[in-house]
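Below is the file work-v4.txt, which contains compact mmCIF, N, CA and C atoms.
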```
# COMPACT_ATOMS: atom_id res chain seq x y z
N MET A 1 4.66 -48.79 -0.09
CA MET A 1 5.53 -48.30 -1.13
C MET A 1 5.49 -46.77 -1.22
N LYS A 2 4.25 -46.20 -1.06
CA LYS A 2 4.13 -44.75 -1.10
C LYS A 2 4.88 -44.11 0.06
N ASP A 3 4.85 -44.78 1.23
CA ASP A 3 5.55 -44.24 2.39
C ASP A 3 7.06 -44.23 2.17
N LEU A 4 7.57 -45.26 1.54
CA LEU A 4 8.99 -45.34 1.23
C LEU A 4 9.39 -44.22 0.25
N PHE A 5 8.54 -44.00 -0.75
CA PHE A 5 8.81 -42.94 -1.73
C PHE A 5 8.79 -41.57 -1.06
N LYS A 6 7.82 -41.32 -0.16
CA LYS A 6 7.75 -40.06 0.57
C LYS A 6 9.00 -39.86 1.43
N MET A 7 9.42 -40.94 2.10
CA MET A 7 10.59 -40.85 2.96
C MET A 7 11.85 -40.55 2.14
N LEU A 8 12.01 -41.20 1.00
CA LEU A 8 13.16 -40.94 0.13
C LEU A 8 13.12 -39.52 -0.43
N LYS A 9 11.93 -39.04 -0.75
CA LYS A 9 11.78 -37.68 -1.25
C LYS A 9 12.19 -36.66 -0.18
N ARG A 10 11.75 -36.88 1.05
CA ARG A 10 12.12 -36.00 2.16
C ARG A 10 13.63 -36.05 2.43
N PHE A 11 14.17 -37.26 2.36
CA PHE A 11 15.60 -37.40 2.58
C PHE A 11 16.39 -36.66 1.50
N ALA A 12 15.97 -36.77 0.25
CA ALA A 12 16.65 -36.08 -0.85
C ALA A 12 16.56 -34.57 -0.67
N LEU A 13 15.39 -34.07 -0.26
CA LEU A 13 15.23 -32.65 -0.04
C LEU A 13 16.13 -32.17 1.10
N LEU A 14 16.17 -32.92 2.18
CA LEU A 14 17.03 -32.58 3.31
C LEU A 14 18.51 -32.60 2.89
N PHE A 15 18.90 -33.58 2.09
CA PHE A 15 20.26 -33.68 1.61
C PHE A 15 20.64 -32.47 0.76
N VAL A 16 19.74 -32.04 -0.13
CA VAL A 16 20.00 -30.88 -0.99
C VAL A 16 20.15 -29.61 -0.14
N ILE A 17 19.31 -29.45 0.89
CA ILE A 17 19.39 -28.27 1.76
C ILE A 17 20.72 -28.26 2.51
N VAL A 18 21.09 -29.39 3.10
CA VAL A 18 22.36 -29.47 3.84
C VAL A 18 23.54 -29.23 2.90
N LEU A 19 23.51 -29.77 1.71
CA LEU A 19 24.57 -29.58 0.74
C LEU A 19 24.69 -28.11 0.34
N ALA A 20 23.57 -27.46 0.10
CA ALA A 20 23.58 -26.04 -0.28
C ALA A 20 24.15 -25.18 0.84
N LEU A 21 23.73 -25.44 2.06
CA LEU A 21 24.26 -24.68 3.19
C LEU A 21 25.75 -24.94 3.39
N GLY A 22 26.16 -26.18 3.21
CA GLY A 22 27.58 -26.52 3.36
C GLY A 22 28.44 -25.86 2.30
N LEU A 23 27.97 -25.82 1.07
CA LEU A 23 28.74 -25.17 0.00
C LEU A 23 28.79 -23.66 0.18
N GLN A 24 27.72 -23.10 0.72
CA GLN A 24 27.71 -21.66 0.96
C GLN A 24 28.75 -21.27 2.01
N SER A 25 28.92 -22.11 3.03
CA SER A 25 29.88 -21.79 4.08
C SER A 25 31.32 -22.00 3.62
N CYS A 26 31.53 -22.68 2.49
CA CYS A 26 32.88 -22.90 1.98
C CYS A 26 33.39 -21.71 1.17
N SER A 27 32.50 -20.80 0.80
CA SER A 27 32.96 -19.66 0.02
C SER A 27 33.78 -18.72 0.89
N PRO A 28 34.81 -18.10 0.31
CA PRO A 28 35.65 -17.22 1.13
C PRO A 28 34.84 -16.02 1.61
N GLY A 29 34.93 -15.75 2.92
CA GLY A 29 34.15 -14.67 3.49
C GLY A 29 34.88 -13.35 3.45
N VAL A 30 36.19 -13.36 3.51
CA VAL A 30 36.96 -12.13 3.58
C VAL A 30 38.09 -12.19 2.57
N SER A 31 38.21 -11.13 1.80
CA SER A 31 39.37 -11.06 0.92
C SER A 31 40.45 -10.26 1.63
N LEU A 32 41.67 -10.49 1.24
CA LEU A 32 42.80 -9.86 1.92
C LEU A 32 43.57 -8.95 0.97
N GLN A 33 44.12 -7.89 1.54
CA GLN A 33 44.99 -6.99 0.81
C GLN A 33 46.39 -7.12 1.37
N SER A 34 47.37 -6.81 0.56
CA SER A 34 48.77 -6.89 1.00
C SER A 34 49.27 -5.52 1.41
N TYR A 35 50.08 -5.50 2.45
CA TYR A 35 50.79 -4.30 2.87
C TYR A 35 52.27 -4.64 2.87
N ASN A 36 53.08 -3.80 2.24
CA ASN A 36 54.51 -4.05 2.14
C ASN A 36 55.26 -2.79 2.52
N ASP A 37 56.09 -2.88 3.55
CA ASP A 37 56.96 -1.77 3.95
C ASP A 37 58.37 -2.16 3.54
N SER A 38 58.78 -1.71 2.36
CA SER A 38 60.09 -2.12 1.85
C SER A 38 61.23 -1.44 2.61
N TYR A 39 60.97 -0.28 3.22
CA TYR A 39 62.02 0.40 3.99
C TYR A 39 62.37 -0.39 5.25
N GLU A 40 61.36 -0.81 6.00
CA GLU A 40 61.59 -1.58 7.23
C GLU A 40 61.75 -3.08 6.96
N GLY A 41 61.30 -3.53 5.80
CA GLY A 41 61.52 -4.92 5.41
C GLY A 41 60.50 -5.92 5.92
N TYR A 42 59.22 -5.56 5.93
CA TYR A 42 58.19 -6.53 6.32
C TYR A 42 56.96 -6.35 5.45
N GLU A 43 56.15 -7.39 5.45
CA GLU A 43 54.88 -7.35 4.74
C GLU A 43 53.89 -8.28 5.44
N PHE A 44 52.61 -7.99 5.27
CA PHE A 44 51.55 -8.82 5.84
C PHE A 44 50.27 -8.58 5.06
N LYS A 45 49.28 -9.40 5.33
CA LYS A 45 47.98 -9.26 4.69
C LYS A 45 46.97 -8.85 5.76
N TYR A 46 46.02 -8.01 5.35
CA TYR A 46 44.97 -7.56 6.25
C TYR A 46 43.64 -7.59 5.49
N PRO A 47 42.52 -7.68 6.20
CA PRO A 47 41.21 -7.78 5.54
C PRO A 47 40.87 -6.53 4.72
N THR A 48 40.27 -6.75 3.58
CA THR A 48 39.79 -5.65 2.75
C THR A 48 38.76 -4.85 3.55
N GLY A 49 38.84 -3.55 3.47
CA GLY A 49 37.91 -2.70 4.21
C GLY A 49 38.52 -2.12 5.47
N TRP A 50 39.64 -2.68 5.92
CA TRP A 50 40.32 -2.11 7.07
C TRP A 50 41.09 -0.88 6.60
N VAL A 51 41.26 0.07 7.50
CA VAL A 51 41.91 1.32 7.14
C VAL A 51 43.13 1.56 8.01
N PRO A 52 44.13 2.28 7.48
CA PRO A 52 45.31 2.59 8.29
C PRO A 52 44.95 3.61 9.37
N ALA A 53 45.64 3.52 10.49
CA ALA A 53 45.45 4.47 11.59
C ALA A 53 46.81 4.98 12.03
N GLN A 54 46.84 6.21 12.47
CA GLN A 54 48.07 6.81 12.99
C GLN A 54 48.02 6.79 14.51
N VAL A 55 49.06 6.24 15.13
CA VAL A 55 49.15 6.20 16.58
C VAL A 55 50.45 6.89 16.97
N GLU A 56 50.34 8.02 17.67
CA GLU A 56 51.52 8.77 18.06
C GLU A 56 52.38 7.97 19.04
N GLY A 57 53.65 7.82 18.73
CA GLY A 57 54.58 7.13 19.61
C GLY A 57 54.27 5.66 19.81
N GLY A 58 53.48 5.09 18.90
CA GLY A 58 53.07 3.70 19.04
C GLY A 58 53.66 2.81 17.97
N PRO A 59 52.88 1.85 17.53
CA PRO A 59 53.36 0.90 16.52
C PRO A 59 53.76 1.58 15.22
N ASP A 60 54.59 0.88 14.46
CA ASP A 60 55.06 1.39 13.17
C ASP A 60 53.90 1.48 12.19
N THR A 61 53.05 0.46 12.16
CA THR A 61 51.93 0.39 11.24
C THR A 61 50.72 -0.15 11.99
N VAL A 62 49.56 0.45 11.74
CA VAL A 62 48.31 -0.02 12.35
C VAL A 62 47.21 0.01 11.30
N PHE A 63 46.45 -1.07 11.20
CA PHE A 63 45.24 -1.13 10.40
C PHE A 63 44.13 -1.58 11.32
N HIS A 64 42.92 -0.99 11.15
CA HIS A 64 41.80 -1.42 11.98
C HIS A 64 40.53 -1.50 11.16
N ASP A 65 39.59 -2.26 11.67
CA ASP A 65 38.28 -2.41 11.07
C ASP A 65 37.50 -1.12 11.29
N ILE A 66 36.80 -0.64 10.28
CA ILE A 66 36.05 0.61 10.45
C ILE A 66 34.77 0.39 11.25
N ILE A 67 34.29 -0.84 11.33
CA ILE A 67 33.08 -1.12 12.09
C ILE A 67 33.42 -1.46 13.53
N ARG A 68 34.38 -2.33 13.72
CA ARG A 68 34.83 -2.71 15.06
C ARG A 68 36.27 -2.24 15.23
N ALA A 69 36.44 -1.05 15.74
CA ALA A 69 37.77 -0.45 15.84
C ALA A 69 38.71 -1.24 16.74
N SER A 70 38.16 -2.08 17.63
CA SER A 70 39.03 -2.87 18.51
C SER A 70 39.68 -4.03 17.78
N GLU A 71 39.20 -4.36 16.57
CA GLU A 71 39.83 -5.41 15.76
C GLU A 71 40.90 -4.74 14.91
N ASN A 72 42.15 -5.08 15.17
CA ASN A 72 43.23 -4.41 14.47
C ASN A 72 44.44 -5.32 14.33
N VAL A 73 45.36 -4.85 13.51
CA VAL A 73 46.66 -5.49 13.38
C VAL A 73 47.69 -4.38 13.40
N SER A 74 48.79 -4.62 14.10
CA SER A 74 49.82 -3.59 14.17
C SER A 74 51.20 -4.24 14.15
N VAL A 75 52.18 -3.44 13.78
CA VAL A 75 53.57 -3.89 13.74
C VAL A 75 54.37 -2.98 14.66
N VAL A 76 55.05 -3.60 15.62
CA VAL A 76 55.93 -2.87 16.54
C VAL A 76 57.35 -3.33 16.26
N ILE A 77 58.24 -2.39 16.01
CA ILE A 77 59.63 -2.72 15.73
C ILE A 77 60.46 -2.35 16.95
N SER A 78 61.18 -3.33 17.47
CA SER A 78 62.03 -3.11 18.64
C SER A 78 63.46 -3.50 18.31
N PRO A 79 64.42 -2.74 18.82
CA PRO A 79 65.81 -3.11 18.57
C PRO A 79 66.19 -4.36 19.37
N VAL A 80 67.16 -5.09 18.85
CA VAL A 80 67.67 -6.27 19.55
C VAL A 80 68.75 -5.77 20.50
N SER A 81 68.58 -6.02 21.80
CA SER A 81 69.52 -5.48 22.78
C SER A 81 70.43 -6.56 23.35
N GLY A 82 71.36 -6.14 24.16
CA GLY A 82 72.24 -7.07 24.85
C GLY A 82 73.29 -7.71 23.97
N GLY A 83 73.63 -7.10 22.85
CA GLY A 83 74.66 -7.67 21.98
C GLY A 83 74.20 -8.91 21.24
N LYS A 84 72.90 -9.19 21.24
CA LYS A 84 72.37 -10.37 20.54
C LYS A 84 72.08 -10.02 19.09
N THR A 85 72.02 -11.07 18.29
CA THR A 85 71.61 -10.93 16.90
C THR A 85 70.26 -11.61 16.74
N LEU A 86 69.61 -11.38 15.63
CA LEU A 86 68.31 -12.01 15.41
C LEU A 86 68.39 -13.54 15.49
N PRO A 87 69.39 -14.19 14.90
CA PRO A 87 69.46 -15.65 15.02
C PRO A 87 69.60 -16.12 16.49
N ASP A 88 70.20 -15.28 17.36
CA ASP A 88 70.31 -15.65 18.78
C ASP A 88 68.93 -15.75 19.43
N LEU A 89 67.98 -14.98 18.94
CA LEU A 89 66.64 -14.99 19.52
C LEU A 89 65.84 -16.23 19.11
N GLY A 90 66.15 -16.79 17.97
CA GLY A 90 65.44 -17.98 17.49
C GLY A 90 64.72 -17.69 16.18
N THR A 91 63.99 -18.69 15.72
CA THR A 91 63.21 -18.53 14.48
C THR A 91 62.02 -17.62 14.76
N PRO A 92 61.41 -17.07 13.72
CA PRO A 92 60.22 -16.25 13.95
C PRO A 92 59.12 -17.00 14.71
N SER A 93 58.96 -18.30 14.44
CA SER A 93 57.95 -19.09 15.15
C SER A 93 58.29 -19.21 16.63
N GLU A 94 59.56 -19.45 16.94
CA GLU A 94 59.98 -19.56 18.34
C GLU A 94 59.80 -18.24 19.09
N VAL A 95 60.15 -17.14 18.44
CA VAL A 95 59.99 -15.83 19.06
C VAL A 95 58.50 -15.54 19.29
N GLY A 96 57.67 -15.83 18.29
CA GLY A 96 56.23 -15.62 18.44
C GLY A 96 55.65 -16.43 19.57
N TYR A 97 56.08 -17.69 19.69
CA TYR A 97 55.58 -18.53 20.78
C TYR A 97 56.02 -17.97 22.13
N THR A 98 57.26 -17.51 22.23
CA THR A 98 57.76 -16.94 23.48
C THR A 98 56.96 -15.69 23.86
N LEU A 99 56.72 -14.83 22.88
CA LEU A 99 55.94 -13.62 23.16
C LEU A 99 54.50 -13.96 23.57
N LYS A 100 53.93 -14.95 22.91
CA LYS A 100 52.56 -15.36 23.24
C LYS A 100 52.48 -15.93 24.64
N ALA A 101 53.51 -16.67 25.04
CA ALA A 101 53.50 -17.35 26.34
C ALA A 101 53.80 -16.39 27.50
N SER A 102 54.40 -15.24 27.23
CA SER A 102 54.72 -14.31 28.31
C SER A 102 53.87 -13.05 28.17
N PRO A 103 52.90 -12.86 29.05
CA PRO A 103 52.03 -11.68 28.94
C PRO A 103 52.81 -10.39 29.17
N LEU A 104 52.41 -9.36 28.46
CA LEU A 104 53.08 -8.06 28.61
C LEU A 104 52.63 -7.35 29.88
N SER A 105 51.43 -7.64 30.33
CA SER A 105 50.93 -7.04 31.57
C SER A 105 50.11 -8.10 32.31
N ARG A 106 50.04 -7.94 33.60
CA ARG A 106 49.27 -8.91 34.40
C ARG A 106 47.81 -8.54 34.35
N PRO A 107 46.93 -9.54 34.23
CA PRO A 107 45.50 -9.23 34.25
C PRO A 107 45.09 -8.77 35.64
N THR A 108 44.18 -7.83 35.70
CA THR A 108 43.70 -7.35 36.99
C THR A 108 42.38 -8.02 37.32
N ILE A 109 42.19 -8.24 38.60
CA ILE A 109 40.96 -8.89 39.07
C ILE A 109 40.14 -7.85 39.80
N ALA A 110 38.93 -7.60 39.29
CA ALA A 110 38.06 -6.63 39.93
C ALA A 110 37.37 -7.27 41.12
N MET A 111 37.35 -6.57 42.22
CA MET A 111 36.69 -7.10 43.41
C MET A 111 35.55 -6.23 43.83
```
Can I see the file as structure tokens?
Amino acid sequence: MKDLFKMLKRFALLFVIVLALGLQSCSPGVSLQSYNDSYEGYEFKYPTGWVPAQVEGGPDTVFHDIIRASENVSVVISPVSGGKTLPDLGTPSEVGYTLKASPLSRPTIAM
């Protein structure tokens, strides 16, 4: 009987530890801030703590992490060419998928 009680006590302790760790991981890790460019007509959210960056001749808007500068978000605005309209290109999801599926540059293989 004592062994059963010890086993149940250990199980309860293990359950409480797992529950505490699980609830801790459910808390939001990053808060987001909103960016709105009413002139160009877009908005997005970026992590709190990221800062704007100026890129000459580059994207319209750039935000990057101050600790890991390679982590960034940017907006590039390109005109629609060839007499097409935005609806001709597809929905934003379709355009995003097309851009994701077609690399902008070929990966190089170091030998």
### Query
Between A:Gly82, A:Val73, A:Asp37, A:Ile66, which one has atoms that come closest to Val51 in chain A, using only C-alpha atoms?
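Selected residue with least distance to Val51 in chain A: A:Ile66.
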## Note on the structure
CA of Asp60 in chain A to CA of Ile77 in chain A measures 6.7 Å
### Task
May I ask which of the residues A:Leu89, A:Ile67, A:Val75, A:Val55 is the closest one to Asn36 in chain A, counting only C-alpha atoms?
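Of the candidates, the smallest distance to Asn36 in chain A is held by A:Val75.
Note that the spacing between atom N of Gly90 in chain A and atom C of Pro103 in chain A amounts to 18.6 Å.
With CA of Thr98 in chain A on one side and CA of Thr61 in chain A on the other, the separation reads 22.0 Å.
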